[in-house]
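Peer 1: Below: one structure in structure tokens.
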Amino acid sequence: PLHAWDDAYLMEKVGEVGIKVRVSPHRCAEGVLFGHPDRVHNYDIEEVTMREFIASLSAHQPPYYAARLQVSHTLSSIFPDVENPPGDWCAAFGSPLKDQPLCYFGAGDQATPLHFDPAENLFCMVDGQKSLELFHPGLSHLLYPCGDRNSSSVYSLVNPLDPDKEKFPLYSTSLAWHTAVHKGDLLYLPMGWWHVVRGGQGRNLSLNYWFKAHPDKYDPSGILKGLLNPTS
């Protein structure tokens with residue numbers, strides 16, 4: 001059913017639904033960053049209808065990025081289209097988090113700030129393409145983490161699209177693993193891994209399913225904590 005999620009279908013089903021979108025994009029040479037790495041309140045948010053959002057996708061400089069849309073609540077009319085949770089993958093994880101899945105919908109070239117999440121993530125590419133830069137948890141001390149955020153995720157102070165090399169001399173994209181996901185792909189993004197997600201050229205839409213870690217993955221010896229906080 002997700003193959004039907006083109007603009008016409010979404011406008012028919014959820015066109016008049018109000019959605020929260022990220023605004024105030026920073027246009028950099030390497031893309032468009034939605035978020036403020038130097039602020040406690042990382043995102044500027046407005047509400048528009050899905051119809052208004054889809055109309056904005058064709059703008060010369062699209063002003064919005066629709067992130068973390070709760071399909072089961074905000075887009076409930078199309079929730080029956082999704083498999084929740086997806087297939088047999090769940091056996092590898094702990095219990096699913098509530099309000100699954102979350103939808104991310106961009107116009108192209110949009111990017112998220114560098115951060116990591118405290119949950120396991122199945123990243124499903126529904127349409128278009130996205131690329132990811134992935135950093136091992138053991139590199140945290142080189143990524144300038146800032147825990148002072150209104151979020152359960154941990155963000156870096158670095159703008160990954162335009163890093164200030166004088167202010168953040170240890171940061172380098174050469175430390176990252178690079179991968180791309182295309183329509184129909186599924187990527188496992190482990191908890192604790194730092195990442196930057198960039199939209200490819202043109203419309204891109206993904207669904208994310210979040211889980212607690214499998215009980216076998218918990219580390220009572222504290223090794224994981226040492227990876228995330230190597231100087232502690």
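For the structure tokens, the naming scheme is as follows: chains receive sequential letters (A, B, ...) according to their order of presentation, residues are indexed from 1 within each chain, and ligands are indexed from 1 in presentation order.
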Please run DSSP on the backbone and report, as a PDB file with N, CA, C and O atoms, in the first residue's frame, all residues within region 25-213 of chain A that come out as helix (DSSP H, G or I).
Peer 2:
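Output saved as states_35.pdb:
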ATOM      1  N   MET A  50      -1.257  19.431   5.399  1.00  0.00           N
ATOM      2  CA  MET A  50      -0.490  18.584   4.495  1.00  0.00           C
ATOM      3  C   MET A  50      -0.575  19.115   3.065  1.00  0.00           C
ATOM      4  O   MET A  50       0.406  19.075   2.311  1.00  0.00           O
ATOM      5  N   ARG A  51      -1.717  19.656   2.691  1.00  0.00           N
ATOM      6  CA  ARG A  51      -1.871  20.223   1.351  1.00  0.00           C
ATOM      7  C   ARG A  51      -0.900  21.380   1.138  1.00  0.00           C
ATOM      8  O   ARG A  51      -0.241  21.486   0.088  1.00  0.00           O
ATOM      9  N   GLU A  52      -0.798  22.252   2.132  1.00  0.00           N
ATOM     10  CA  GLU A  52       0.135  23.386   2.029  1.00  0.00           C
ATOM     11  C   GLU A  52       1.582  22.888   1.981  1.00  0.00           C
ATOM     12  O   GLU A  52       2.403  23.433   1.228  1.00  0.00           O
ATOM     13  N   PHE A  53       1.873  21.872   2.775  1.00  0.00           N
ATOM     14  CA  PHE A  53       3.229  21.335   2.769  1.00  0.00           C
ATOM     15  C   PHE A  53       3.581  20.758   1.406  1.00  0.00           C
ATOM     16  O   PHE A  53       4.652  21.034   0.852  1.00  0.00           O
ATOM     17  N   ILE A  54       2.686  19.947   0.830  1.00  0.00           N
ATOM     18  CA  ILE A  54       2.967  19.333  -0.472  1.00  0.00           C
ATOM     19  C   ILE A  54       3.123  20.409  -1.550  1.00  0.00           C
ATOM     20  O   ILE A  54       3.996  20.307  -2.418  1.00  0.00           O
ATOM     21  N   ALA A  55       2.301  21.459  -1.486  1.00  0.00           N
ATOM     22  CA  ALA A  55       2.432  22.548  -2.449  1.00  0.00           C
ATOM     23  C   ALA A  55       3.801  23.221  -2.343  1.00  0.00           C
ATOM     24  O   ALA A  55       4.362  23.674  -3.351  1.00  0.00           O
ATOM     25  N   SER A  56       4.362  23.257  -1.129  1.00  0.00           N
ATOM     26  CA  SER A  56       5.650  23.918  -0.926  1.00  0.00           C
ATOM     27  C   SER A  56       6.830  23.126  -1.478  1.00  0.00           C
ATOM     28  O   SER A  56       7.926  23.662  -1.649  1.00  0.00           O
ATOM     29  N   SER A  76      -3.841   9.441  10.743  1.00  0.00           N
ATOM     30  CA  SER A  76      -4.543   8.195  11.038  1.00  0.00           C
ATOM     31  C   SER A  76      -5.284   7.608   9.835  1.00  0.00           C
ATOM     32  O   SER A  76      -5.492   6.396   9.754  1.00  0.00           O
ATOM     33  N   SER A  77      -5.686   8.449   8.870  1.00  0.00           N
ATOM     34  CA  SER A  77      -6.429   7.947   7.701  1.00  0.00           C
ATOM     35  C   SER A  77      -5.581   7.038   6.831  1.00  0.00           C
ATOM     36  O   SER A  77      -6.120   6.215   6.069  1.00  0.00           O
ATOM     37  N   ILE A  78      -4.246   7.187   6.892  1.00  0.00           N
ATOM     38  CA  ILE A  78      -3.381   6.326   6.082  1.00  0.00           C
ATOM     39  C   ILE A  78      -2.620   5.320   6.941  1.00  0.00           C
ATOM     40  O   ILE A  78      -1.814   4.549   6.418  1.00  0.00           O
ATOM     41  N   PHE A  79      -2.886   5.307   8.237  1.00  0.00           N
ATOM     42  CA  PHE A  79      -2.219   4.351   9.116  1.00  0.00           C
ATOM     43  C   PHE A  79      -2.492   2.903   8.710  1.00  0.00           C
ATOM     44  O   PHE A  79      -1.588   2.051   8.809  1.00  0.00           O
ATOM     45  N   PRO A  80      -3.713   2.554   8.230  1.00  0.00           N
ATOM     46  CA  PRO A  80      -3.933   1.161   7.804  1.00  0.00           C
ATOM     47  C   PRO A  80      -3.018   0.717   6.668  1.00  0.00           C
ATOM     48  O   PRO A  80      -2.893  -0.491   6.417  1.00  0.00           O
ATOM     49  N   ASP A  81      -2.374   1.656   5.963  1.00  0.00           N
ATOM     50  CA  ASP A  81      -1.477   1.291   4.868  1.00  0.00           C
ATOM     51  C   ASP A  81      -0.166   0.685   5.353  1.00  0.00           C
ATOM     52  O   ASP A  81       0.523   0.012   4.579  1.00  0.00           O
ATOM     53  N   TRP A  89      11.267  -8.572  11.884  1.00  0.00           N
ATOM     54  CA  TRP A  89      12.441  -7.869  12.407  1.00  0.00           C
ATOM     55  C   TRP A  89      12.357  -7.667  13.921  1.00  0.00           C
ATOM     56  O   TRP A  89      13.368  -7.552  14.598  1.00  0.00           O
ATOM     57  N   CYS A  90      11.156  -7.601  14.455  1.00  0.00           N
ATOM     58  CA  CYS A  90      10.974  -7.250  15.872  1.00  0.00           C
ATOM     59  C   CYS A  90      11.663  -8.213  16.815  1.00  0.00           C
ATOM     60  O   CYS A  90      11.997  -7.840  17.943  1.00  0.00           O
ATOM     61  N   ALA A  91      11.871  -9.466  16.380  1.00  0.00           N
ATOM     62  CA  ALA A  91      12.491 -10.446  17.268  1.00  0.00           C
ATOM     63  C   ALA A  91      13.906 -10.039  17.662  1.00  0.00           C
ATOM     64  O   ALA A  91      14.433 -10.515  18.673  1.00  0.00           O
ATOM     65  N   ALA A  92      14.523  -9.168  16.884  1.00  0.00           N
ATOM     66  CA  ALA A  92      15.898  -8.738  17.170  1.00  0.00           C
ATOM     67  C   ALA A  92      15.966  -7.602  18.179  1.00  0.00           C
ATOM     68  O   ALA A  92      17.060  -7.204  18.576  1.00  0.00           O
ATOM     69  N   PRO A 137      29.800   5.125  18.235  1.00  0.00           N
ATOM     70  CA  PRO A 137      29.658   5.744  19.560  1.00  0.00           C
ATOM     71  C   PRO A 137      30.983   6.065  20.232  1.00  0.00           C
ATOM     72  O   PRO A 137      31.071   7.026  21.014  1.00  0.00           O
ATOM     73  N   GLY A 138      32.023   5.302  19.919  1.00  0.00           N
ATOM     74  CA  GLY A 138      33.326   5.542  20.524  1.00  0.00           C
ATOM     75  C   GLY A 138      33.995   6.817  20.068  1.00  0.00           C
ATOM     76  O   GLY A 138      35.034   7.214  20.625  1.00  0.00           O
ATOM     77  N   LEU A 139      33.417   7.486  19.063  1.00  0.00           N
ATOM     78  CA  LEU A 139      33.969   8.748  18.562  1.00  0.00           C
ATOM     79  C   LEU A 139      33.298   9.960  19.195  1.00  0.00           C
ATOM     80  O   LEU A 139      33.545  11.097  18.771  1.00  0.00           O
ATOM     81  N   SER A 140      32.475   9.736  20.199  1.00  0.00           N
ATOM     82  CA  SER A 140      31.689  10.833  20.775  1.00  0.00           C
ATOM     83  C   SER A 140      32.552  12.014  21.212  1.00  0.00           C
ATOM     84  O   SER A 140      32.159  13.171  21.060  1.00  0.00           O
ATOM     85  N   HIS A 141      33.737  11.730  21.761  1.00  0.00           N
ATOM     86  CA  HIS A 141      34.573  12.816  22.264  1.00  0.00           C
ATOM     87  C   HIS A 141      35.138  13.703  21.149  1.00  0.00           C
ATOM     88  O   HIS A 141      35.670  14.777  21.423  1.00  0.00           O
ATOM     89  N   LEU A 142      34.997  13.270  19.896  1.00  0.00           N
ATOM     90  CA  LEU A 142      35.441  14.070  18.755  1.00  0.00           C
ATOM     91  C   LEU A 142      34.302  14.835  18.088  1.00  0.00           C
ATOM     92  O   LEU A 142      34.528  15.584  17.145  1.00  0.00           O
ATOM     93  N   THR A 173      34.481  14.728   8.822  1.00  0.00           N
ATOM     94  CA  THR A 173      33.596  13.750   8.185  1.00  0.00           C
ATOM     95  C   THR A 173      34.366  12.512   7.741  1.00  0.00           C
ATOM     96  O   THR A 173      33.758  11.492   7.414  1.00  0.00           O
ATOM     97  N   SER A 174      35.714  12.585   7.755  1.00  0.00           N
ATOM     98  CA  SER A 174      36.502  11.407   7.390  1.00  0.00           C
ATOM     99  C   SER A 174      36.353  10.295   8.427  1.00  0.00           C
ATOM    100  O   SER A 174      36.705   9.142   8.170  1.00  0.00           O
ATOM    101  N   LEU A 175      35.810  10.652   9.600  1.00  0.00           N
ATOM    102  CA  LEU A 175      35.579   9.659  10.637  1.00  0.00           C
ATOM    103  C   LEU A 175      34.322   8.839  10.385  1.00  0.00           C
ATOM    104  O   LEU A 175      34.088   7.832  11.054  1.00  0.00           O
TER     105      LEU A 175
END
Peer 1: Residues near region 58-75 of chain A, anyone? I mean within 9 Å using only C-alpha atoms, not counting same-chain ones fewer than 5 positions away, as JSON, numbers by chain.
Peer 2: {"A": [13, 14, 17, 18, 19, 20, 21, 22, 23, 24, 25, 34, 46, 53, 80, 82, 99, 100, 101, 102, 103, 104, 105, 106, 107, 108, 110, 202, 207, 208]}
Peer 1: Using DSSP secondary structure from the backbone, list all strand (DSSP E) positions within region 33-211 of chain A, as a count of residues only.
Peer 2: 65
Peer 1: For CA of Gly184 (chain A) and CA of Pro160 (chain A), quote the distance in Å rounded to one decimal.
Peer 2: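 Result for CA of Gly184 (chain A) versus CA of Pro160 (chain A): 26.7 Å, one decimal.
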Peer 1: For Asn84 (chain A), which of A:Pro96, A:Ala119, A:Pro37, A:Tyr188 is the closest residue, counting only C-alpha atoms?
Peer 2: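 Residue with the minimum atom-to-atom distance to Asn84 (chain A): A:Pro96.
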Peer 1: Which residues come within 7 Å of Gly94 (chain A), counting only C-alpha atoms, excluding same-chain residues fewer than 2 positions away, as an NGL selection string?
Peer 2: :A and (96 or 211-215)
Peer 1: Please, could you write that set of residues out with N, CA, C and O atoms as a short mmCIF file (atom, residue, chain, number, x, y, z; two decimals), in the first residue's frame?
Peer 2:
data_model
loop_
_atom_site.label_atom_id
_atom_site.label_comp_id
_atom_site.auth_asym_id
_atom_site.auth_seq_id
_atom_site.Cartn_x
_atom_site.Cartn_y
_atom_site.Cartn_z
N PRO A 96 8.61 -2.40 21.20
CA PRO A 96 8.51 -1.20 20.36
C PRO A 96 8.07 0.00 21.20
O PRO A 96 7.33 -0.13 22.17
N PHE A 211 12.57 1.00 18.73
CA PHE A 211 12.47 -0.09 19.70
C PHE A 211 13.44 0.13 20.86
O PHE A 211 14.50 0.75 20.68
N LYS A 212 13.09 -0.42 21.98
CA LYS A 212 14.08 -0.56 23.04
C LYS A 212 15.08 -1.64 22.61
O LYS A 212 14.79 -2.45 21.72
N ALA A 213 16.24 -1.64 23.24
CA ALA A 213 17.24 -2.66 22.91
C ALA A 213 16.77 -4.02 23.38
O ALA A 213 16.06 -4.15 24.38
N HIS A 214 17.18 -5.04 22.64
CA HIS A 214 16.91 -6.41 23.07
C HIS A 214 17.59 -6.65 24.42
O HIS A 214 18.71 -6.15 24.65
N PRO A 215 16.97 -7.41 25.33
CA PRO A 215 17.61 -7.65 26.63
C PRO A 215 19.03 -8.18 26.53
O PRO A 215 19.88 -7.88 27.37
#
Peer 1: In Å, with one decimal, what is the gap from CA of Val48 (chain A) to CA of Cys124 (chain A)?
Peer 2: 24.6 Å
Peer 1: For each of A:Tyr144, A:Ser206, A:Arg198, A:Cys28, take the minimum atom-to-atom distance to Lys167 (chain A), counting only C-alpha atoms, then give the residue where this is smallest.
Peer 2: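 The shortest atom-to-atom distance to Lys167 (chain A) comes from A:Tyr144.
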Peer 1: Quick check, in Å to one decimal: how far apart do CA of Leu189 (chain A) and CA of Glu120 (chain A) lie?
Peer 2: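 Pair CA of Leu189 (chain A) / CA of Glu120 (chain A) returns 6.4 Å.
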Peer 1: Find the residues near Leu143 (chain A): any atom within 9 Å, counting only C-alpha atoms, skip ones fewer than 5 places away on the same chain, and give them as a VMD selection string.
Peer 2: chain A and resid 114 135 156 to 158 168 170 to 172 194
Peer 1: Env of Val181 (chain A): 7 Å cut, atoms = only C-alpha atoms, seq-sep filter 3 positions within chain, self excluded. Answer as a list in words.
Peer 2: Met125, Gln129, Lys130, Ser131 and Asp185 of chain A
Peer 1: Between A:Gly128, A:Pro145, A:Gly31, A:Pro113, single out the one closest to His182 (chain A), counting only C-alpha atoms.
Peer 2: A:Gly128
Peer 1: Taking only C-alpha atoms into account, name the residue in A:Leu57, A:Asp127, A:Glu83, A:Lys98 that is nearest to Ala4 (chain A).
Peer 2: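 Checking each candidate against Ala4 (chain A), we get A:Asp127 as the closest.
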Peer 1: For His115 (chain A), work out the shell of residues within 9 Å, counting only C-alpha atoms and skipping chain neighbours fewer than 3 positions away, then give it as JSON, numbers by chain.
Peer 2: {"A": [112, 145, 153, 154, 155, 156, 192, 193, 194, 195, 196]}
Peer 1: I need the residues from that last selection saved to file as a compact mmCIF listing (two decimals), in the first residue's frame (with N, CA, C and O atoms), if you can.
Peer 2:
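Produced file again.txt, reproduced below:
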# COMPACT_ATOMS: atom_id res chain seq x y z
N THR A 112 19.31 16.79 8.79
CA THR A 112 19.12 16.89 10.23
C THR A 112 20.44 17.24 10.89
O THR A 112 21.52 16.93 10.36
N PRO A 145 29.58 16.69 21.80
CA PRO A 145 28.19 16.51 22.24
C PRO A 145 27.76 17.59 23.22
O PRO A 145 28.55 18.10 24.00
N SER A 153 17.26 12.71 22.57
CA SER A 153 18.42 12.51 21.72
C SER A 153 19.56 13.41 22.19
O SER A 153 19.35 14.40 22.88
N VAL A 154 20.77 13.04 21.82
CA VAL A 154 21.95 13.85 22.15
C VAL A 154 22.48 14.47 20.86
O VAL A 154 22.73 13.77 19.88
N TYR A 155 22.66 15.79 20.88
CA TYR A 155 23.06 16.52 19.69
C TYR A 155 24.51 16.99 19.79
O TYR A 155 25.04 17.20 20.88
N SER A 156 25.10 17.17 18.63
CA SER A 156 26.43 17.77 18.53
C SER A 156 26.29 19.29 18.36
O SER A 156 25.30 19.78 17.83
N GLY A 192 22.66 4.78 19.87
CA GLY A 192 23.97 5.28 20.25
C GLY A 192 24.86 5.70 19.10
O GLY A 192 25.88 6.35 19.32
N TRP A 193 24.50 5.34 17.86
CA TRP A 193 25.32 5.73 16.71
C TRP A 193 24.94 7.15 16.28
O TRP A 193 23.77 7.45 16.01
N TRP A 194 25.93 8.01 16.20
CA TRP A 194 25.72 9.37 15.72
C TRP A 194 25.40 9.34 14.23
O TRP A 194 25.93 8.51 13.48
N HIS A 195 24.55 10.26 13.77
CA HIS A 195 24.22 10.28 12.36
C HIS A 195 23.72 11.65 11.90
O HIS A 195 23.15 12.41 12.67
N VAL A 196 23.98 11.90 10.64
CA VAL A 196 23.40 13.03 9.89
C VAL A 196 22.62 12.40 8.75
O VAL A 196 23.16 11.56 8.02
